[in-house]
Structures are given as structure tokens and as C-alpha cells.
file run.txt (compact mmCIF, C-alpha atoms)
# COMPACT_ATOMS: atom_id res chain seq x y z
CA MET A 282 -3.37 294.25 205.60
CA SER A 283 -0.94 291.66 204.24
CA THR A 284 1.74 292.38 201.67
CA GLY A 285 0.03 290.12 199.14
CA THR A 286 -3.26 291.94 199.59
CA THR A 287 -1.58 295.32 199.23
CA LEU A 288 0.08 294.27 195.98
CA GLY A 289 -3.12 292.79 194.65
CA THR A 290 -4.99 296.02 195.37
CA ALA A 291 -2.28 298.14 193.80
CA ALA A 292 -2.18 296.04 190.67
CA ALA A 293 -5.94 296.09 190.39
CA THR A 294 -6.13 299.88 190.64
CA THR A 295 -3.06 300.72 188.53
CA PRO A 296 -4.73 300.43 185.08
CA SER A 297 -6.23 303.69 183.87
CA SER A 298 -7.35 305.16 180.59
CA THR A 299 -4.56 307.77 180.79
CA ARG A 300 -1.58 305.42 181.26
CA PRO A 301 0.66 305.35 178.15
CA ALA A 302 0.97 301.96 176.51
CA SER A 303 4.36 300.19 176.51
CA TRP A 304 3.89 298.58 173.10
CA TRP A 305 7.52 297.52 172.65
CA ALA A 306 7.33 295.60 175.92
CA VAL A 307 4.15 293.91 174.66
CA VAL A 308 5.94 292.95 171.42
CA THR A 309 8.74 291.27 173.38
CA LEU A 310 6.12 289.16 175.17
CA GLY A 311 4.73 288.17 171.78
CA LEU A 312 8.24 287.16 170.70
CA GLY A 313 8.52 285.11 173.87
CA ILE A 314 5.29 283.28 173.10
CA PHE A 315 6.47 282.71 169.52
CA THR A 316 9.71 281.03 170.58
CA LEU A 317 7.92 278.93 173.21
CA VAL A 318 5.14 277.68 170.93
CA ALA A 319 7.55 277.10 168.04
CA SER A 320 9.70 275.00 170.36
CA GLU A 321 6.60 273.06 171.44
CA PHE A 322 5.76 272.18 167.82
CA LEU A 323 9.28 271.23 166.66
CA PRO A 324 9.07 267.48 167.44
CA ALA A 325 6.14 267.15 165.00
CA SER A 326 8.48 267.93 162.10
CA LEU A 327 11.56 266.12 163.47
CA LEU A 328 10.11 262.95 164.98
CA THR A 329 11.51 260.51 162.42
CA PRO A 330 15.19 261.57 162.63
CA ILE A 331 14.97 261.93 166.42
CA ALA A 332 13.61 258.39 166.74
CA ALA A 333 16.28 257.03 164.39
CA ASP A 334 19.13 258.67 166.30
CA LEU A 335 17.80 257.51 169.67
CA GLY A 336 17.08 253.99 168.43
CA VAL A 337 13.41 254.08 169.49
CA SER A 338 10.10 253.93 167.65
CA GLU A 339 8.39 257.10 166.48
CA GLY A 340 5.59 256.34 168.92
CA VAL A 341 8.04 256.37 171.81
CA ALA A 342 9.73 259.52 170.52
CA GLY A 343 6.28 261.11 170.32
CA GLN A 344 6.24 261.15 174.11
CA LEU A 345 8.42 264.26 173.81
CA VAL A 346 5.14 266.03 173.00
CA THR A 347 3.33 264.31 175.86
CA ALA A 348 5.98 265.39 178.38
CA THR A 349 5.51 269.03 177.43
CA ALA A 350 1.71 268.80 177.66
CA VAL A 351 1.64 267.00 181.02
CA ALA A 352 4.08 269.45 182.57
CA GLY A 353 2.04 272.29 181.09
CA ILE A 354 -1.23 271.14 182.66
CA LEU A 355 0.34 271.31 186.12
CA ALA A 356 2.76 274.19 185.75
CA GLY A 357 0.45 277.15 185.13
CA PRO A 358 -1.56 276.87 188.37
CA ALA A 359 1.48 275.72 190.36
CA ILE A 360 3.59 278.71 189.33
CA VAL A 361 0.83 281.19 190.14
CA ALA A 362 0.12 279.49 193.48
CA LEU A 363 3.76 279.24 194.58
CA LEU A 364 5.24 282.51 193.34
CA PRO A 365 6.01 285.08 196.03
CA PRO A 366 4.91 288.68 195.35
CA ILE A 367 8.04 289.57 193.39
CA ASP A 368 8.58 291.69 190.29
CA ARG A 369 6.92 289.78 187.43
CA ARG A 370 9.46 291.20 184.98
CA TRP A 371 12.07 288.84 186.37
CA VAL A 372 9.62 285.93 186.41
CA MET A 373 8.91 286.31 182.68
CA ILE A 374 12.62 286.65 181.94
CA ALA A 375 13.39 283.54 184.03
CA LEU A 376 10.72 281.54 182.18
CA THR A 377 12.26 282.59 178.85
CA GLY A 378 15.64 281.47 180.20
CA LEU A 379 14.13 278.10 181.17
CA SER A 380 12.96 277.57 177.60
CA ILE A 381 16.52 278.23 176.37
CA ALA A 382 17.85 275.60 178.78
CA SER A 383 15.18 273.18 177.59
CA ASN A 384 16.12 273.45 173.92
CA VAL A 385 19.86 273.19 174.65
CA LEU A 386 19.24 270.11 176.79
CA VAL A 387 17.14 268.41 174.10
CA ALA A 388 19.79 269.15 171.46
CA LEU A 389 22.79 267.92 173.42
CA VAL A 390 21.75 265.06 175.72
CA PRO A 391 22.39 261.48 174.60
CA ASN A 392 19.21 259.67 175.66
CA LEU A 393 15.43 259.88 175.67
CA ALA A 394 15.05 260.18 179.44
CA LEU A 395 17.03 263.43 179.58
CA MET A 396 15.25 264.71 176.48
CA LEU A 397 11.92 264.11 178.21
CA LEU A 398 13.19 266.14 181.14
CA GLY A 399 14.12 268.95 178.76
CA ARG A 400 10.69 268.89 177.19
CA ALA A 401 9.06 268.96 180.63
CA LEU A 402 11.05 272.13 181.37
CA LEU A 403 9.58 273.63 178.21
CA GLY A 404 6.07 272.75 179.42
CA ILE A 405 6.75 274.58 182.68
CA SER A 406 8.14 277.60 180.84
CA LEU A 407 5.34 277.77 178.28
CA SER A 408 2.47 277.38 180.73
CA GLY A 409 3.95 279.76 183.28
CA PHE A 410 4.63 282.42 180.65
CA TRP A 411 1.17 282.01 179.14
CA ALA A 412 -0.55 282.02 182.53
CA LEU A 413 1.06 285.30 183.58
CA SER A 414 0.94 287.08 180.22
CA LEU A 415 -2.55 288.55 180.64
CA ALA A 416 -1.77 289.98 184.08
CA VAL A 417 1.54 291.38 182.84
CA VAL A 418 0.05 292.93 179.70
CA SER A 419 -2.74 294.53 181.77
CA GLN A 420 -0.04 296.63 183.46
CA LEU A 421 1.59 297.63 180.16
CA VAL A 422 -1.46 299.12 178.38
CA PRO A 423 -4.66 300.98 179.32
CA PRO A 424 -7.73 298.76 179.87
CA GLN A 425 -9.38 299.90 176.63
CA ARG A 426 -6.35 298.59 174.68
CA LEU A 427 -6.13 295.18 176.36
CA GLY A 428 -7.67 293.31 173.42
CA ARG A 429 -5.23 294.77 170.92
CA ALA A 430 -2.31 294.12 173.22
CA MET A 431 -3.29 290.47 173.67
CA MET A 432 -3.68 290.21 169.90
CA ILE A 433 -0.01 291.19 169.58
CA VAL A 434 1.00 288.56 172.15
CA ASN A 435 -1.16 285.89 170.50
CA THR A 436 0.25 286.73 167.08
CA GLY A 437 3.28 284.84 168.36
CA VAL A 438 1.08 281.75 168.67
CA SER A 439 -0.35 282.20 165.17
CA LEU A 440 3.04 282.68 163.53
CA ALA A 441 4.53 279.71 165.36
CA THR A 442 1.58 277.54 164.34
CA VAL A 443 2.07 278.42 160.68
CA ALA A 444 5.87 278.47 160.53
CA ALA A 445 7.35 276.08 163.11
CA VAL A 446 6.61 272.72 161.47
CA PRO A 447 7.63 273.52 157.85
CA ILE A 448 10.71 275.52 158.89
CA GLY A 449 11.70 272.83 161.38
CA ALA A 450 11.34 270.12 158.74
CA TYR A 451 13.39 272.07 156.19
CA LEU A 452 16.21 273.04 158.54
CA GLY A 453 16.25 269.57 160.05
CA ALA A 454 16.83 268.05 156.62
CA GLN A 455 19.60 270.56 155.88
CA LEU A 456 21.37 270.86 159.23
CA GLY A 457 20.13 268.01 161.45
CA TRP A 458 17.48 268.05 164.15
CA GLN A 459 19.93 269.02 166.91
CA ALA A 460 20.77 272.23 165.05
CA VAL A 461 17.07 273.11 164.88
CA PHE A 462 16.71 272.94 168.67
CA LEU A 463 19.92 274.95 169.11
CA GLY A 464 18.47 277.51 166.68
CA ALA A 465 15.34 277.70 168.83
CA ALA A 466 17.58 278.26 171.86
CA LEU A 467 19.34 281.10 170.02
CA ALA A 468 15.98 282.69 169.21
CA GLY A 469 15.21 282.45 172.92
CA VAL A 470 18.47 284.23 173.76
CA LEU A 471 17.61 287.11 171.41
CA THR A 472 14.14 287.32 172.94
CA LEU A 473 15.65 287.33 176.42
CA VAL A 474 17.90 290.27 175.54
CA LEU A 475 14.96 292.26 174.18
CA GLN A 476 12.88 291.52 177.27
CA LEU A 477 15.71 292.70 179.51
CA THR A 478 15.78 296.02 177.68
CA ALA A 479 12.02 296.55 177.24
CA LEU A 480 10.10 295.15 180.22
CA PRO A 481 9.55 297.57 183.09
CA ARG A 482 8.96 296.63 186.71
CA ILE A 483 5.66 294.75 186.98
CA GLU A 484 3.94 294.29 190.32
CA ALA A 485 2.46 290.95 191.37
CA GLY A 486 -1.26 290.95 190.71
CA GLU A 487 -2.49 288.63 193.49
CA ARG A 488 -1.32 287.00 196.67
CA SER A 489 0.20 283.53 196.39
CA GLY A 490 -1.44 280.25 197.36
CA LEU A 491 -4.20 277.97 196.19
CA ARG A 492 -7.02 280.09 197.62
CA PRO A 493 -6.98 282.73 194.80
CA LEU A 494 -7.16 279.92 192.23
CA LEU A 495 -10.06 278.22 193.99
CA THR A 496 -11.87 281.52 194.56
CA THR A 497 -11.52 282.44 190.91
CA LEU A 498 -12.72 279.06 189.69
CA SER A 499 -15.69 279.10 192.07
CA THR A 500 -16.87 282.51 190.84
CA PRO A 501 -20.02 281.67 188.82
CA ILE A 502 -19.37 283.91 185.84
CA ILE A 503 -15.81 282.61 185.42
CA ALA A 504 -16.82 278.97 185.94
CA VAL A 505 -19.51 279.30 183.27
CA GLY A 506 -17.11 280.99 180.86
CA PHE A 507 -14.50 278.28 181.36
CA ALA A 508 -17.16 275.60 180.77
CA ALA A 509 -17.94 277.24 177.42
CA LEU A 510 -14.23 277.48 176.62
CA ALA A 511 -13.67 273.81 177.51
CA LEU A 512 -16.46 272.72 175.15
CA LEU A 513 -15.12 274.88 172.34
CA VAL A 514 -11.48 273.81 172.68
CA THR A 515 -12.33 270.13 173.19
CA GLY A 516 -14.47 270.16 170.05
CA HIS A 517 -11.83 271.96 168.04
CA PHE A 518 -9.03 269.57 168.92
CA ALA A 519 -11.22 266.51 168.46
CA ALA A 520 -11.61 267.62 164.84
CA PHE A 521 -8.16 269.14 164.30
CA THR A 522 -6.40 265.97 165.42
CA TYR A 523 -8.14 264.08 162.61
CA VAL A 524 -8.24 266.77 159.94
CA ARG A 525 -5.99 264.77 157.59
CA PRO A 526 -8.33 261.75 157.26
CA MET A 527 -11.26 264.17 156.85
CA LEU A 528 -9.54 265.97 153.98
CA ASP A 529 -8.54 262.67 152.40
CA GLU A 530 -12.25 262.12 151.66
CA VAL A 531 -12.51 265.26 149.54
CA GLY A 532 -12.53 264.62 145.80
CA GLY A 533 -9.59 265.92 143.79
CA ILE A 534 -7.25 266.42 146.75
CA THR A 535 -3.60 265.97 145.76
CA THR A 536 -0.65 266.01 148.14
CA GLY A 537 0.20 269.55 147.08
CA LEU A 538 -3.37 270.78 147.50
CA LEU A 539 -3.57 269.12 150.90
CA ALA A 540 -0.51 271.10 152.02
CA VAL A 541 -2.10 274.29 150.67
CA LEU A 542 -5.34 273.63 152.56
CA LEU A 543 -3.50 273.00 155.82
CA ALA A 544 -1.42 276.14 155.30
CA SER A 545 -4.58 278.12 154.54
CA TYR A 546 -5.97 277.08 157.90
CA GLY A 547 -2.90 278.57 159.56
CA VAL A 548 -3.27 281.80 157.59
CA ALA A 549 -6.98 281.98 158.48
CA SER A 550 -6.10 281.46 162.13
CA PHE A 551 -3.66 284.36 161.92
CA VAL A 552 -6.40 286.56 160.41
CA GLY A 553 -8.82 285.49 163.14
CA ASN A 554 -6.42 286.63 165.84
CA LEU A 555 -5.99 290.02 164.15
CA LEU A 556 -9.75 290.48 163.85
CA ALA A 557 -10.24 289.54 167.49
CA GLY A 558 -7.69 292.15 168.51
CA LEU A 559 -9.50 294.83 166.52
CA LEU A 560 -12.98 293.90 167.77
CA ALA A 561 -12.62 292.53 171.31
CA ASP A 562 -12.27 295.86 173.13
CA ARG A 563 -15.51 297.32 171.74
CA HIS A 564 -17.54 294.37 170.47
CA LEU A 565 -16.81 291.60 172.95
CA ARG A 566 -20.41 290.42 173.41
CA PRO A 567 -21.07 289.48 169.75
CA LEU A 568 -17.54 288.12 169.42
CA LEU A 569 -18.15 285.60 172.23
CA VAL A 570 -21.01 284.14 170.21
CA VAL A 571 -19.83 284.50 166.62
CA VAL A 572 -16.40 282.92 167.18
CA PRO A 573 -17.62 279.49 168.45
CA ILE A 574 -20.40 279.55 165.82
CA MET A 575 -17.73 279.90 163.10
CA VAL A 576 -15.89 276.88 164.52
CA ALA A 577 -19.17 274.94 164.66
CA ALA A 578 -20.14 275.95 161.11
CA GLY A 579 -16.73 275.08 159.67
CA THR A 580 -16.49 271.64 161.27
CA ALA A 581 -20.15 270.84 160.50
CA ALA A 582 -19.72 271.83 156.86
CA LEU A 583 -16.72 269.54 156.52
CA ALA A 584 -18.71 266.67 158.02
CA VAL A 585 -21.85 267.17 155.94
CA ALA A 586 -20.47 268.29 152.59
CA GLY A 587 -16.78 267.55 152.93
CA THR A 588 -16.52 265.80 149.55
CA SER A 589 -16.94 269.17 147.81
CA LEU A 590 -13.69 271.08 147.33
CA PRO A 591 -15.30 274.58 147.29
CA VAL A 592 -17.21 273.81 150.50
CA THR A 593 -14.01 272.49 152.05
CA ILE A 594 -12.10 275.68 151.24
CA VAL A 595 -14.79 277.92 152.74
CA ALA A 596 -15.24 275.65 155.78
CA ILE A 597 -11.52 275.62 156.56
CA ALA A 598 -11.37 279.41 156.29
CA ALA A 599 -14.33 279.84 158.67
CA TRP A 600 -12.92 277.29 161.10
CA GLY A 601 -9.45 278.83 161.08
CA ILE A 602 -10.68 282.41 161.54
CA GLY A 603 -12.98 281.29 164.34
CA PHE A 604 -10.48 279.36 166.40
CA GLY A 605 -7.69 281.82 165.70
CA ALA A 606 -9.76 284.43 167.53
CA VAL A 607 -10.32 282.31 170.65
CA PRO A 608 -7.23 283.13 172.79
CA THR A 609 -7.50 286.91 172.38
CA MET A 610 -11.28 286.81 172.81
CA VAL A 611 -11.14 284.78 176.02
CA GLN A 612 -8.28 286.72 177.57
CA THR A 613 -9.98 290.04 176.83
CA TRP A 614 -13.22 288.74 178.37
CA LEU A 615 -11.33 287.64 181.46
CA GLY A 616 -9.69 291.05 181.70
CA HIS A 617 -13.13 292.66 181.66
CA VAL A 618 -14.91 290.43 184.18
CA ALA A 619 -12.05 289.71 186.60
CA PRO A 620 -9.46 292.51 186.37
CA ASP A 621 -8.24 291.75 189.91
CA ARG A 622 -7.76 288.01 189.23
CA LEU A 623 -5.72 287.95 186.06
CA GLU A 624 -2.90 285.72 187.32
CA SER A 625 -5.17 282.99 188.68
CA GLY A 626 -7.51 283.41 185.70
CA GLY A 627 -4.59 283.08 183.31
CA ALA A 628 -3.38 279.94 185.07
CA LEU A 629 -6.84 278.37 184.88
CA THR A 630 -7.10 279.33 181.21
CA VAL A 631 -3.87 277.47 180.45
CA THR A 632 -5.05 274.39 182.33
CA THR A 633 -8.42 274.51 180.56
CA PHE A 634 -6.71 274.63 177.17
CA GLN A 635 -4.23 271.84 177.92
CA THR A 636 -6.84 269.55 179.47
CA SER A 637 -9.29 270.18 176.63
CA ILE A 638 -6.60 269.40 174.05
CA ALA A 639 -6.00 266.01 175.68
CA LEU A 640 -9.73 265.28 176.02
CA GLY A 641 -10.46 266.35 172.46
CA ALA A 642 -7.80 264.08 170.98
CA ALA A 643 -8.96 261.16 173.17
CA PHE A 644 -12.69 261.48 172.48
CA GLY A 645 -12.03 262.20 168.83
CA GLY A 646 -10.01 259.00 168.56
CA LEU A 647 -12.78 257.01 170.24
CA LEU A 648 -15.41 258.31 167.82
CA PHE A 649 -13.09 257.80 164.86
CA ASP A 650 -12.48 254.15 165.75
CA THR A 651 -16.07 253.30 166.67
CA LEU A 652 -17.89 255.32 163.97
CA ASP A 653 -16.03 257.39 161.39
CA VAL A 654 -14.30 260.71 160.86
CA ARG A 655 -17.55 262.49 160.00
CA ALA A 656 -18.91 261.62 163.44
CA VAL A 657 -15.84 263.26 164.95
CA PHE A 658 -16.49 266.50 163.08
CA LEU A 659 -20.22 266.51 163.86
CA ALA A 660 -19.46 266.02 167.55
CA ALA A 661 -16.94 268.86 167.36
CA ALA A 662 -19.56 271.13 165.79
CA ILE A 663 -22.08 270.29 168.51
CA ALA A 664 -19.53 271.00 171.26
CA ALA A 665 -18.62 274.36 169.71
CA ALA A 666 -22.29 275.28 169.27
CA LEU A 667 -22.95 274.50 172.94
CA GLY A 668 -20.00 276.71 173.78
CA ALA A 669 -21.62 279.54 171.80
CA ILE A 670 -24.90 279.12 173.69
CA ILE A 671 -23.14 279.24 177.07
CA PHE A 672 -20.96 282.21 176.06
CA SER A 673 -24.11 284.08 175.04
CA ARG A 674 -25.26 283.97 178.67
CA VAL A 675 -22.14 285.30 180.40
CA ARG A 676 -21.74 288.97 181.19
CA THR A 677 -18.84 290.92 179.76
CA SER A 678 -18.16 293.45 182.50
call {"tool": "encode", "arguments": {"input": "run.txt", "output": "C-alpha cells"}}
result
Amino acid sequence: MSTGTTLGTAAATTPSSTRPASWWAVVTLGLGIFTLVASEFLPASLLTPIAADLGVSEGVAGQLVTATAVAGILAGPAIVALLPPIDRRWVMIALTGLSIASNVLVALVPNLALMLLGRALLGISLSGFWALSLAVVSQLVPPQRLGRAMMIVNTGVSLATVAAVPIGAYLGAQLGWQAVFLGAALAGVLTLVLQLTALPRIEAGERSGLRPLLTTLSTPIIAVGFAALALLVTGHFAAFTYVRPMLDEVGGITTGLLAVLLASYGVASFVGNLLAGLLADRHLRPLLVVVPIMVAAGTAALAVAGTSLPVTIVAIAAWGIGFGAVPTMVQTWLGHVAPDRLESGGALTVTTFQTSIALGAAFGGLLFDTLDVRAVFLAAAIAAALGAIIFSRVRTS
């Protein structure tokens, strides 16, 4: 029996209902995700001053976001395929260190080309960390607590989504955009120190190579689940990319109220993640159906009755709660149906998300230009509803 196979078997049989949970270690992973996702979102709030300092258009400076996404699509599967069977504690710590280097590079380099390189490093760090997080967490808590543990990790995503852009914009205006990226690097350093103190030794979950990835993807139950996830995420980002023009059609919307509505979506998303963490371990089957239905109902309501402010408020709340629950829901499902394939499954989950984000924005833009924004939201609702139908047919154990 090969070393990789031995490690994979050990990791698969380690979880038990009697193992004590290492909750502080789980929290440090959530902090890692927070710093990574916050760093990913920073250019959205700093694009104008970055472009001015570099002497380029905002459209060109926007490629800082593209560089992160493209690197992210490739990095998750590549890291899982190429990693030797080494202690995953050091892999997670190294990925956190890479994010620190990325933010320092972006803050200090004098030209766009080197900044793009820095942002690509962030994409590698983010996707690798995200891809391995489920497998790592599965060794830190008992199986019946996996949903709650992933909720803690994904709380980092929710908090970064709500806080990164407004805080980045404020600090950028006060201190300059370079200081914001250096601040993100400092947050990464603090996270790195905590991970060094809290994370125990974590065995590799699978052997390296492309075969585990291909085997996982070709497993019917996982392929069907990922198809449902792709529909749901593509629909969501088709609508979310164009949420501003949709809200502009609502009567009585002022600039201040628009900001409140967008912030309320972030708060609802945070609530959705918490609810998913409380429900996923015991009520996974209904959650797989209800969550995409909430996304479908919210986006459809905005398309059909979006000129009504009360309907808009309720629709945004439903949409935010629904999509906020998706990461924890999907990762818990994957932990139930493929407990011996969590690294390859996590890598494929990252790639599915990143690819669906790109497809959603592209198809949403096509519909927006050829028809109107309501068509975008109706298409998003249909995609999410199809995702619910497919999720209803997958097994959960």
C-alpha cells in the first residue's frame, strides 16, 4: 500500500463522535478566510485612487480583480493535485503567509504589472486555503459538528463581504490606498501568529495527483450536486452583478436608502450562514432545497414587483439569507457524501464557484444589454430554481 493511500485511509477513519473539537483552531481558519476575502474585495473600494496613482483607466485597474479570479480558478485544483502528503497545518500557514506577501507587494510596487502579480498570488492563496479548509476542519471536529464548524469558517466570508468595501473606502480616504493593503497584510500577520499557536498536526486527506480530482468529479452524486451548485451560483452572480440598476428602478430609492439596502443584503447573508450552521448537521435534506428556493424567490420578486419598496426589502432579505447559507450547506453536504474525498471535493467546489461567478457576470451582461435588467433577474431565478430541483434528487449520506 502506498504512502498516499495509507494517509488517505487514516484521515478518512480518524473522525469519530468521541473526538473533542478544537474550536479555537477552527476560529483561526475563519480569521484566515476573513483576511483573504477582505483582501480580495479591497480593489472595489480603492479602484479610483489606484488608477489615478498608476496613470491608467479604472477599467485597466479593474484587472486587479480579474487577476485574482483567474489565478483562483486554477489554483485550487492545482494545489490539491501537486501537494505531497505533508502536514496540512504548514500548508495552511504557508498560504496565509502568501497572502501577506501579496498585500505587501501590491502596496509597495511601482507599476501595474507587479501589482497584477501580487493579486495573482492572492488568488492562489485564497483558492488553496478555501479548497483545503473542509478537509482540515473535518479533522478538528467530530463529524456531527462539521456544519457548525464550517459556519464558523464561513463567517469570515460573511464579515468580509459586509465590512471590507466600506472600511477600505474610509481608510483609503484617510490614509491612502497603500496603507489599506499594508493594514490587510498586518491582519494577515496576526492571523498567522494565531494559526501557529492553535493549529495541530493535520494529516493529508488524499494522495496527490489528478486522478483523485477526476475520480471525485466523475462520481455521479458529486457531479449532480456540483451541477446544481453551478446553476445556483451562476444565477446568483448574474443578478448580483447588476443589483444596482435593478434597485434604481424602485420608487423612492435615495442614495442613502440604496446603501442601507445593500448593507441589509450583507447582514441577511451573515444570518443565512449562521442558520445554515445550526441546521446543516441535522436538517441537510430540506436545507438543500429551501436555500436555492429562497434565492429564486428573492430574485424573481425583484424582477416581477421590484418597483415596490416593501417587496424589495423582503426580497433582498430572502435572497441574502438564501445565498449566505450556500457555502456552509454545500461543504456540509460534501462532508456527508464524500468524507474520504474532502481535499479534491474542496478544490472542485472552489473552481465551481469561481467559474460560475465569471459565467454569471458574462451571461447577466449579455441579457442586460440585449433585453433589460428584469430579464437578468428572471433568468437568475430560473437557474436557482433548477438548482433546487436537482439538489432535491441528491442523497445526503
call {"tool": "residues_near_point", "arguments": {"input": "run.txt", "point": "(-11.7, 278.4, 178.3)", "cutoff": "7 Å", "atoms": "all atoms listed in the file", "output": "ChimeraX atom specification"}}
result
/A:506-511,611,630,633-634
call {"tool": "atom_distance", "arguments": {"input": "run.txt", "atom1": "atom CA of A:Ala628", "atom2": "atom CA of A:Leu477"}}
result
23.6 Å
call {"tool": "atom_distance", "arguments": {"input": "run.txt", "atom1": "atom CA of A:Val657", "atom2": "atom CA of A:Ala584"}}
result
8.2 Å
call {"tool": "atom_distance", "arguments": {"input": "run.txt", "atom1": "atom CA of A:Val434", "atom2": "atom CA of A:Met610"}}
result
12.4 Å
call {"tool": "residues_around", "arguments": {"input": "run.txt", "residues": "A:Thr580", "least_positions_apart": "6", "cutoff": "8 Å", "atoms": "only C-alpha atoms", "output": "PDB file with C-alpha atoms, in the coordinates of the input"}}
result
ATOM      1  CA  ALA A 520     -11.610 267.620 164.840  1.00  0.00           C
ATOM      2  CA  ALA A 596     -15.240 275.650 155.780  1.00  0.00           C
ATOM      3  CA  ILE A 597     -11.520 275.620 156.560  1.00  0.00           C
ATOM      4  CA  TRP A 600     -12.920 277.290 161.100  1.00  0.00           C
ATOM      5  CA  PHE A 658     -16.490 266.500 163.080  1.00  0.00           C
ATOM      6  CA  LEU A 659     -20.220 266.510 163.860  1.00  0.00           C
ATOM      7  CA  ALA A 661     -16.940 268.860 167.360  1.00  0.00           C
ATOM      8  CA  ALA A 662     -19.560 271.130 165.790  1.00  0.00           C
TER       9      ALA A 662
END
call {"tool": "axis_aligned_box", "arguments": {"input": "run.txt", "around": "stretch 434-450 of chain A", "padding_each_side": "5 Å", "output": "JSON"}}
result
{"center_x": 5.3, "center_y": 279.3, "center_z": 165.0, "size_x": 22.9, "size_y": 28.4, "size_z": 24.3}
call {"tool": "residues_around", "arguments": {"input": "run.txt", "residues": "A:Ala375", "least_positions_apart": "2", "cutoff": "12 Å", "atoms": "all atoms listed in the file", "output": "list of chain:residue names"}}
result
A:Gly313, A:Asp368, A:Arg369, A:Arg370, A:Trp371, A:Val372, A:Met373, A:Thr377, A:Gly378, A:Leu379, A:Ser380, A:Ile381, A:Ala382, A:Leu402, A:Ile405, A:Ser406, A:Leu407, A:Gly409, A:Phe410, A:Gly469, A:Val470, A:Thr472, A:Leu473, A:Val474, A:Gln476, A:Leu477
call {"tool": "write_last_selection", "arguments": {"input": "run.txt", "atoms": "C-alpha atoms", "output": "short mmCIF file (atom, residue, chain, number, x, y, z; two decimals), in the coordinates of the input"}}
result
data_model
loop_
_atom_site.label_atom_id
_atom_site.label_comp_id
_atom_site.auth_asym_id
_atom_site.auth_seq_id
_atom_site.Cartn_x
_atom_site.Cartn_y
_atom_site.Cartn_z
CA GLY A 313 8.52 285.11 173.87
CA ASP A 368 8.58 291.69 190.29
CA ARG A 369 6.92 289.78 187.43
CA ARG A 370 9.46 291.20 184.98
CA TRP A 371 12.07 288.84 186.37
CA VAL A 372 9.62 285.93 186.41
CA MET A 373 8.91 286.31 182.68
CA THR A 377 12.26 282.59 178.85
CA GLY A 378 15.64 281.47 180.20
CA LEU A 379 14.13 278.10 181.17
CA SER A 380 12.96 277.57 177.60
CA ILE A 381 16.52 278.23 176.37
CA ALA A 382 17.85 275.60 178.78
CA LEU A 402 11.05 272.13 181.37
CA ILE A 405 6.75 274.58 182.68
CA SER A 406 8.14 277.60 180.84
CA LEU A 407 5.34 277.77 178.28
CA GLY A 409 3.95 279.76 183.28
CA PHE A 410 4.63 282.42 180.65
CA GLY A 469 15.21 282.45 172.92
CA VAL A 470 18.47 284.23 173.76
CA THR A 472 14.14 287.32 172.94
CA LEU A 473 15.65 287.33 176.42
CA VAL A 474 17.90 290.27 175.54
CA GLN A 476 12.88 291.52 177.27
CA LEU A 477 15.71 292.70 179.51
#
call {"tool": "closest_residue", "arguments": {"input": "run.txt", "among": "A:Val446, A:Ala599, A:Ala362, A:Ala466", "to": "A:Gly627", "atoms": "only C-alpha atoms"}}
result
A:Ala362
call {"tool": "closest_residue", "arguments": {"input": "run.txt", "among": "A:Ala581, A:Ala519, A:Ala619, A:Ala665", "to": "A:Gly645", "atoms": "all atoms listed in the file"}}
result
A:Ala519
call {"tool": "closest_residue", "arguments": {"input": "run.txt", "among": "A:Gly449, A:Gly641, A:Gly404, A:Pro567", "to": "A:Leu317", "atoms": "only C-alpha atoms"}}
result
A:Gly404
call {"tool": "residues_around", "arguments": {"input": "run.txt", "residues": "A:Trp305", "least_positions_apart": "2", "cutoff": "10 Å", "atoms": "all atoms listed in the file", "output": "list in words"}}
result
Ala302, Ser303, Val307, Val308, Thr309, Leu310, Gly311, Leu421, Leu475, Gln476, Thr478, Ala479 and Leu480 of chain A
call {"tool": "write_last_selection", "arguments": {"input": "run.txt", "atoms": "C-alpha atoms", "output": "PDB file, keeping the file's coordinate frame"}}
result
ATOM      1  CA  ALA A 302       0.970 301.960 176.510  1.00  0.00           C
ATOM      2  CA  SER A 303       4.360 300.190 176.510  1.00  0.00           C
ATOM      3  CA  VAL A 307       4.150 293.910 174.660  1.00  0.00           C
ATOM      4  CA  VAL A 308       5.940 292.950 171.420  1.00  0.00           C
ATOM      5  CA  THR A 309       8.740 291.270 173.380  1.00  0.00           C
ATOM      6  CA  LEU A 310       6.120 289.160 175.170  1.00  0.00           C
ATOM      7  CA  GLY A 311       4.730 288.170 171.780  1.00  0.00           C
ATOM      8  CA  LEU A 421       1.590 297.630 180.160  1.00  0.00           C
ATOM      9  CA  LEU A 475      14.960 292.260 174.180  1.00  0.00           C
ATOM     10  CA  GLN A 476      12.880 291.520 177.270  1.00  0.00           C
ATOM     11  CA  THR A 478      15.780 296.020 177.680  1.00  0.00           C
ATOM     12  CA  ALA A 479      12.020 296.550 177.240  1.00  0.00           C
ATOM     13  CA  LEU A 480      10.100 295.150 180.220  1.00  0.00           C
TER      14      LEU A 480
END
call {"tool": "residues_around", "arguments": {"input": "run.txt", "residues": "A:Ala557", "least_positions_apart": "5", "cutoff": "10 Å", "atoms": "only C-alpha atoms", "output": "NGL selection string"}}
result
:A and (428-429 or 431-432 or 552 or 562 or 564-565 or 568 or 572 or 602-603 or 605-611 or 613)
call {"tool": "residues_around", "arguments": {"input": "run.txt", "residues": "A:Val595", "least_positions_apart": "4", "cutoff": "12 Å", "atoms": "all atoms listed in the file", "output": "ChimeraX atom specification"}}
result
/A:542,545-546,549,575-576,578-583,586-587,589-591,599-602
call {"tool": "closest_residue", "arguments": {"input": "run.txt", "among": "A:Leu615, A:Val318, A:Val531, A:Pro358", "to": "A:Arg655", "atoms": "all atoms listed in the file"}}
result
A:Val531
call {"tool": "closest_residue", "arguments": {"input": "run.txt", "among": "A:Tyr523, A:Ile448, A:Ala430, A:Thr588", "to": "A:Leu555", "atoms": "all atoms listed in the file"}}
result
A:Ala430
call {"tool": "closest_residue", "arguments": {"input": "run.txt", "among": "A:Phe649, A:Val548, A:Ile314, A:Ala454", "to": "A:Met527", "atoms": "all atoms listed in the file"}}
result
A:Phe649
